[in-house]
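K.L.:
So I've got this file, start-v7.txt, and it contains compact mmCIF, C-alpha atoms:
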```txt
# COMPACT_ATOMS: atom_id res chain seq x y z
CA MET V 1 21.80 7.70 34.12
CA ASN V 2 24.28 9.17 31.65
CA THR V 3 22.89 11.40 28.92
CA PRO V 4 23.61 9.79 25.52
CA HIS V 5 25.84 11.53 22.99
CA VAL V 6 24.04 13.11 20.04
CA ALA V 7 26.11 10.75 17.89
CA ARG V 8 24.48 7.79 19.66
CA ILE V 9 21.00 9.20 19.10
CA LEU V 10 21.85 9.77 15.45
CA ARG V 11 23.32 6.27 15.07
CA PRO V 12 20.70 5.08 12.53
CA LEU V 13 21.62 8.02 10.27
CA ILE V 14 25.36 7.73 10.93
CA ASP V 15 25.32 4.05 10.00
CA LYS V 16 24.05 5.06 6.55
CA ALA V 17 26.12 8.23 6.22
CA LYS V 18 29.29 8.49 4.19
CA LEU V 19 32.54 9.05 6.06
CA ARG V 20 34.73 11.77 4.58
CA GLU V 21 38.33 12.59 5.42
CA TYR V 22 39.64 16.16 5.60
CA LYS V 23 43.35 16.91 5.71
CA LYS V 24 44.81 19.30 8.27
CA GLY V 25 44.12 22.88 7.17
CA GLN V 26 41.37 21.92 4.72
CA ILE V 27 38.27 24.13 4.77
CA ILE V 28 35.07 22.20 5.40
CA LEU V 29 32.62 25.11 5.18
CA TYR V 30 32.94 28.77 4.19
CA PRO V 31 30.68 31.56 5.49
CA GLY V 32 27.58 31.66 3.33
CA ASP V 33 27.79 28.03 2.19
CA GLU V 34 24.36 26.45 2.05
CA ILE V 35 24.00 23.61 4.53
CA THR V 36 23.52 20.43 2.51
CA TYR V 37 24.98 18.09 5.14
CA VAL V 38 25.02 17.92 8.90
CA HIS V 39 28.48 16.85 10.06
CA VAL V 40 29.38 14.64 13.02
CA VAL V 41 33.03 14.50 14.07
CA ASN V 42 34.23 10.89 14.18
CA LYS V 43 37.93 11.65 14.54
CA GLY V 44 40.07 14.79 14.81
CA ALA V 45 39.10 18.39 15.56
CA VAL V 46 37.49 21.29 13.72
CA SER V 47 38.24 24.98 14.23
CA LEU V 48 35.36 27.44 13.93
CA TYR V 49 36.67 30.92 13.12
CA ASP V 50 36.09 34.31 11.54
CA ILE V 51 38.38 36.80 9.79
CA ASP V 52 37.98 40.47 10.67
CA GLU V 53 38.35 43.47 8.39
CA SER V 54 42.08 43.69 9.10
CA GLY V 55 42.56 40.10 8.00
CA THR V 56 43.12 38.75 11.51
CA THR V 57 41.86 35.23 12.18
CA LYS V 58 39.82 34.85 15.36
CA VAL V 59 39.16 31.31 16.53
CA LEU V 60 35.74 31.24 18.18
CA TYR V 61 35.46 27.59 19.13
CA ILE V 62 36.91 24.13 18.60
CA LEU V 63 34.78 21.08 17.96
CA GLY V 64 35.91 17.56 18.92
CA LYS V 65 34.71 13.98 18.67
CA ASN V 66 30.91 13.50 18.48
CA SER V 67 30.31 17.24 17.89
CA VAL V 68 27.49 18.06 15.47
CA PHE V 69 27.84 21.09 13.21
CA PRO V 70 26.76 23.60 12.11
CA LEU V 71 24.36 23.05 14.96
CA MET V 72 22.11 26.11 14.88
CA ALA V 73 21.93 26.01 11.08
CA ALA V 74 20.89 22.36 11.35
CA LEU V 75 18.07 23.33 13.70
CA ASP V 76 17.03 26.19 11.42
CA THR V 77 14.84 26.03 8.33
CA PRO V 78 15.98 24.54 4.99
CA GLY V 79 18.23 26.88 3.03
CA ALA V 80 20.24 27.91 6.10
CA SER V 81 23.88 28.80 5.54
CA ALA V 82 27.12 28.60 7.51
CA ALA V 83 28.01 31.72 9.49
CA TRP V 84 31.75 31.05 9.90
CA PHE V 85 34.70 29.13 8.54
CA TYR V 86 35.05 25.49 9.61
CA GLU V 87 38.57 24.08 9.16
CA ALA V 88 40.20 20.75 10.05
CA LEU V 89 42.75 21.36 12.83
CA GLU V 90 44.34 18.00 12.05
CA ASP V 91 43.49 15.10 9.77
CA THR V 92 39.79 14.67 10.54
CA GLU V 93 36.99 12.24 9.72
CA LEU V 94 33.41 13.46 9.47
CA TYR V 95 30.14 11.63 9.03
CA MET V 96 28.12 13.45 6.37
CA ILE V 97 24.38 13.20 7.08
CA PRO V 98 22.24 14.64 4.25
CA TYR V 99 20.40 17.69 5.56
CA ALA V 100 17.02 16.34 4.42
CA ASP V 101 17.56 13.10 6.36
CA PHE V 102 18.57 15.01 9.46
CA ARG V 103 15.49 17.23 9.24
CA GLU V 104 13.24 14.19 8.82
CA CYS V 105 14.84 12.58 11.88
CA LEU V 106 14.27 15.78 13.85
CA HIS V 107 10.66 15.97 12.65
CA ASN V 108 9.96 12.38 13.75
CA ASP V 109 11.85 12.76 17.03
CA ASP V 110 10.05 12.24 20.32
CA GLY V 111 11.93 15.21 21.73
CA THR V 112 15.08 13.36 22.83
CA LEU V 113 17.25 14.52 19.94
CA HIS V 114 16.04 18.11 20.05
CA ARG V 115 16.61 18.36 23.81
CA LYS V 116 20.09 16.87 23.54
CA LEU V 117 21.05 19.20 20.67
CA MET V 118 19.85 22.22 22.64
CA GLN V 119 21.65 20.99 25.76
CA ASP V 120 24.91 20.67 23.82
CA PHE V 121 24.37 24.10 22.30
CA MET V 122 23.79 25.70 25.71
CA ASP V 123 26.86 23.92 27.13
CA ASP V 124 28.93 25.32 24.27
CA VAL V 125 27.50 28.81 24.80
CA PHE V 126 28.34 28.63 28.52
CA GLU V 127 31.92 27.57 27.74
CA LEU V 128 32.21 30.34 25.16
CA VAL V 129 30.90 33.03 27.53
CA THR V 130 33.27 31.80 30.26
CA ARG V 131 36.20 32.01 27.86
CA ILE V 132 35.17 35.47 26.61
CA ASN V 133 34.99 36.65 30.22
CA SER V 134 38.53 35.41 30.87
CA LEU V 135 39.71 37.26 27.75
CA SER V 136 38.12 40.54 28.79
CA ASN V 137 39.83 40.72 32.17
CA GLY V 138 43.35 40.52 33.46
CA THR V 139 46.78 40.20 31.96
CA SER V 140 47.92 38.24 28.93
CA LEU V 141 48.89 35.44 31.31
CA MET V 142 45.34 35.31 32.70
CA LYS V 143 43.86 35.29 29.19
CA LEU V 144 46.09 32.46 28.09
CA SER V 145 45.49 30.50 31.28
CA GLY V 146 41.72 30.73 30.78
CA THR V 147 42.04 29.45 27.23
CA LEU V 148 44.27 26.56 28.32
CA LYS V 149 41.73 25.56 30.98
CA PHE V 150 39.02 25.62 28.31
CA LEU V 151 41.09 23.28 26.12
CA ALA V 152 41.73 20.94 29.05
CA LYS V 153 38.07 20.81 30.05
CA LYS V 154 36.57 20.56 26.58
CA HIS V 155 39.20 18.59 24.70
CA GLY V 156 41.50 17.08 27.31
CA LYS V 157 41.69 13.47 28.41
CA SER V 158 42.47 13.07 32.09
CA VAL V 159 45.62 11.17 32.99
CA ALA V 160 44.59 8.69 35.68
CA GLY V 161 45.83 9.50 39.17
CA THR V 162 47.12 12.97 38.24
CA ASN V 163 45.90 16.54 37.73
CA TRP V 164 47.01 16.46 34.08
CA SER V 165 44.87 16.46 30.95
CA ARG V 166 46.16 15.72 27.45
CA VAL V 167 44.65 17.63 24.51
CA ASN V 168 44.20 15.29 21.57
CA PHE V 169 45.13 17.67 18.75
CA PRO V 170 48.16 19.91 18.06
CA VAL V 171 48.03 23.26 19.89
CA SER V 172 50.42 25.68 18.22
CA HIS V 173 51.37 29.12 19.51
CA GLN V 174 49.58 30.57 16.48
CA LEU V 175 46.35 28.75 17.39
CA LEU V 176 46.57 30.11 20.94
CA ALA V 177 47.18 33.60 19.56
CA SER V 178 44.06 33.30 17.37
CA MET V 179 42.01 32.09 20.33
CA THR V 180 43.13 34.83 22.72
CA GLY V 181 43.62 37.85 20.44
CA LEU V 182 47.21 38.13 21.68
CA THR V 183 50.28 38.34 19.46
CA ARG V 184 52.31 35.22 18.84
CA GLU V 185 55.27 36.84 20.60
CA THR V 186 53.18 37.47 23.71
CA ILE V 187 51.94 33.88 23.63
CA THR V 188 55.51 32.59 23.43
CA HIS V 189 56.53 34.72 26.43
CA SER V 190 53.51 33.67 28.50
CA ILE V 191 53.96 30.00 27.57
CA GLY V 192 57.50 30.25 28.92
CA THR V 193 56.19 31.54 32.25
CA ILE V 194 53.60 28.77 32.45
CA GLN V 195 56.14 26.10 31.56
CA LYS V 196 58.45 27.33 34.34
CA ALA V 197 55.53 26.81 36.74
CA ASP V 198 55.27 23.24 35.40
CA ALA V 199 51.62 23.84 34.49
CA ILE V 200 51.92 22.67 30.86
CA HIS V 201 54.07 20.23 28.90
CA TYR V 202 54.58 20.21 25.13
CA THR V 203 55.56 17.09 23.20
CA ARG V 204 57.49 17.11 19.91
CA ASN V 205 54.29 16.82 17.86
CA SER V 206 52.79 19.91 19.58
CA ARG V 207 50.46 17.84 21.75
CA LEU V 208 49.79 19.67 24.99
CA SER V 209 49.38 18.40 28.55
CA ILE V 210 47.73 20.86 30.95
CA ASN V 211 47.60 20.91 34.74
CA CYS V 212 44.59 23.06 35.67
CA LYS V 213 45.39 22.94 39.40
CA LYS V 214 48.81 24.49 38.79
CA LEU V 215 47.31 26.99 36.34
CA LYS V 216 44.85 28.14 38.99
CA LYS V 217 47.70 28.52 41.50
CA LEU V 218 49.69 30.53 38.95
CA GLU V 219 46.69 32.79 38.35
CA THR V 220 46.32 33.38 42.10
CA ASN V 221 50.00 34.21 42.53
CA SER V 222 49.98 36.62 39.57
CA LYS V 223 47.11 38.77 40.92
```
Please lay out the structure from this file as structure tokens.
P.N.:
Amino acid sequence: MNTPHVARILRPLIDKAKLREYKKGQIILYPGDEITYVHVVNKGAVSLYDIDESGTTKVLYILGKNSVFPLMAALDTPGASAAWFYEALEDTELYMIPYADFRECLHNDDGTLHRKLMQDFMDDVFELVTRINSLSNGTSLMKLSGTLKFLAKKHGKSVAGTNWSRVNFPVSHQLLASMTGLTRETITHSIGTIQKADAIHYTRNSRLSINCKKLKKLETNSK
């Protein structure tokens, strides 16, 4: 039996929630903002990032359809605040569930919602640790390849009968640089190498198709 999405479990709240649109680049939450709503992504994608002391943006994670955020703050006590920036990667629609309603739903839950939220959180942590591991080892090509495989697995839609996955939001060289800690110039060079191996395709609107099988082969050959 398939495990239901959190969005499906929260359907009674979502049906009553207001739907808000955020334009690409619009900040949804700033670090320190008090959590007054729990957000569920209906359409689009949200970048979760931090800015270090040198002013460099570091993208920590990307949230897609049906993601609930800020998840740990939502599971915390009232008065919790956002730890990072949350920004719309493209035009995005979010369901806005009042925090008090979400907490009441969690309080009255038979355990299904809490277990599913924790499962999603642990899945995200596993993906994050895997990506961090790929960034801490190997060449710039290996770091970029690991990040591309993360995007394909977490945000890609499989093309039937092929090894290709299409990411459903624009993936710029700058976004990849922020996700890997590499310079934009290095990303551009590595992207060229990966394109020559026919492991990725870019469309005119910066949508990205990724072939994880060819990426893995490229990683093996580059060792």
K.L.:
Closest to Met96 of chain V among V:Asp198, V:Glu127, V:Glu219, V:Glu21, using all atoms listed in the file?
P.N.:
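Checking each candidate against Met96 of chain V, we get V:Glu21 as the closest.
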K.L.:
Using all atoms listed in the file, which protein or nucleic acid residues come within 12 Å of Leu13 of chain V? Drop anything in the same chain fewer than 2 positions from it, and give the result as an MDAnalysis selection string.
P.N.:
chainID V and resid 6:11 15:19 37:40 95:106
K.L.:
Counting only C-alpha atoms, which residues of segment 57-118 of chain V fall within 12 Å of segment 167-187 of chain V, and what is the closest atom pair for each with its distance in Å at one decimal, ordered by chain and rising number, as a Markdown table?
P.N.:
```
| residue | atom | partner | partner_atom | distance |
| --- | --- | --- | --- | --- |
| V:Thr57 | CA | V:Ser178 | CA | 6.0 |
| V:Lys58 | CA | V:Ser178 | CA | 4.9 |
| V:Val59 | CA | V:Met179 | CA | 4.8 |
| V:Leu60 | CA | V:Met179 | CA | 6.7 |
| V:Tyr61 | CA | V:Met179 | CA | 8.0 |
| V:Ile62 | CA | V:Met179 | CA | 9.6 |
| V:Leu63 | CA | V:Phe169 | CA | 10.9 |
| V:Gly64 | CA | V:Asn168 | CA | 9.0 |
| V:Lys65 | CA | V:Asn168 | CA | 10.0 |
| V:Ala88 | CA | V:Phe169 | CA | 10.5 |
| V:Leu89 | CA | V:Phe169 | CA | 7.4 |
| V:Glu90 | CA | V:Phe169 | CA | 6.8 |
| V:Asp91 | CA | V:Phe169 | CA | 9.5 |
| V:Thr92 | CA | V:Phe169 | CA | 10.2 |
```
K.L.:
Point out the residue among V:Ala160, V:Val68, V:Leu151, V:Ala199 with the least atom-to-atom distance to Lys116 of chain V, counting only C-alpha atoms.
P.N.:
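Among the listed residues, V:Val68 lies closest to Lys116 of chain V.
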K.L.:
When you draw a straight line from atom CA of Tyr30 of chain V to atom CA of Phe85 of chain V, how long is it in Å?
P.N.:
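These two atoms are separated by 4.7 Å.
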K.L.:
Using atom CA of Leu208 of chain V and atom CA of Lys157 of chain V as the two end points, give the distance in Å to one decimal.
P.N.:
10.8 Å
K.L.:
Using all atoms listed in the file, which protein or nucleic acid residues come within 10 Å of Thr130 of chain V? Drop anything in the same chain fewer than 5 positions from it, and give the result as number ranges by chain.
P.N.:
V: 124-125, 135, 146-147, 150
K.L.:
Applying 6 Å and only C-alpha atoms, which residues near Gln26 of chain V remain after dropping the ones on its own chain fewer than 2 positions away? List them as a PyMOL selection string.
P.N.:
chain V and resi 23-24+87-88
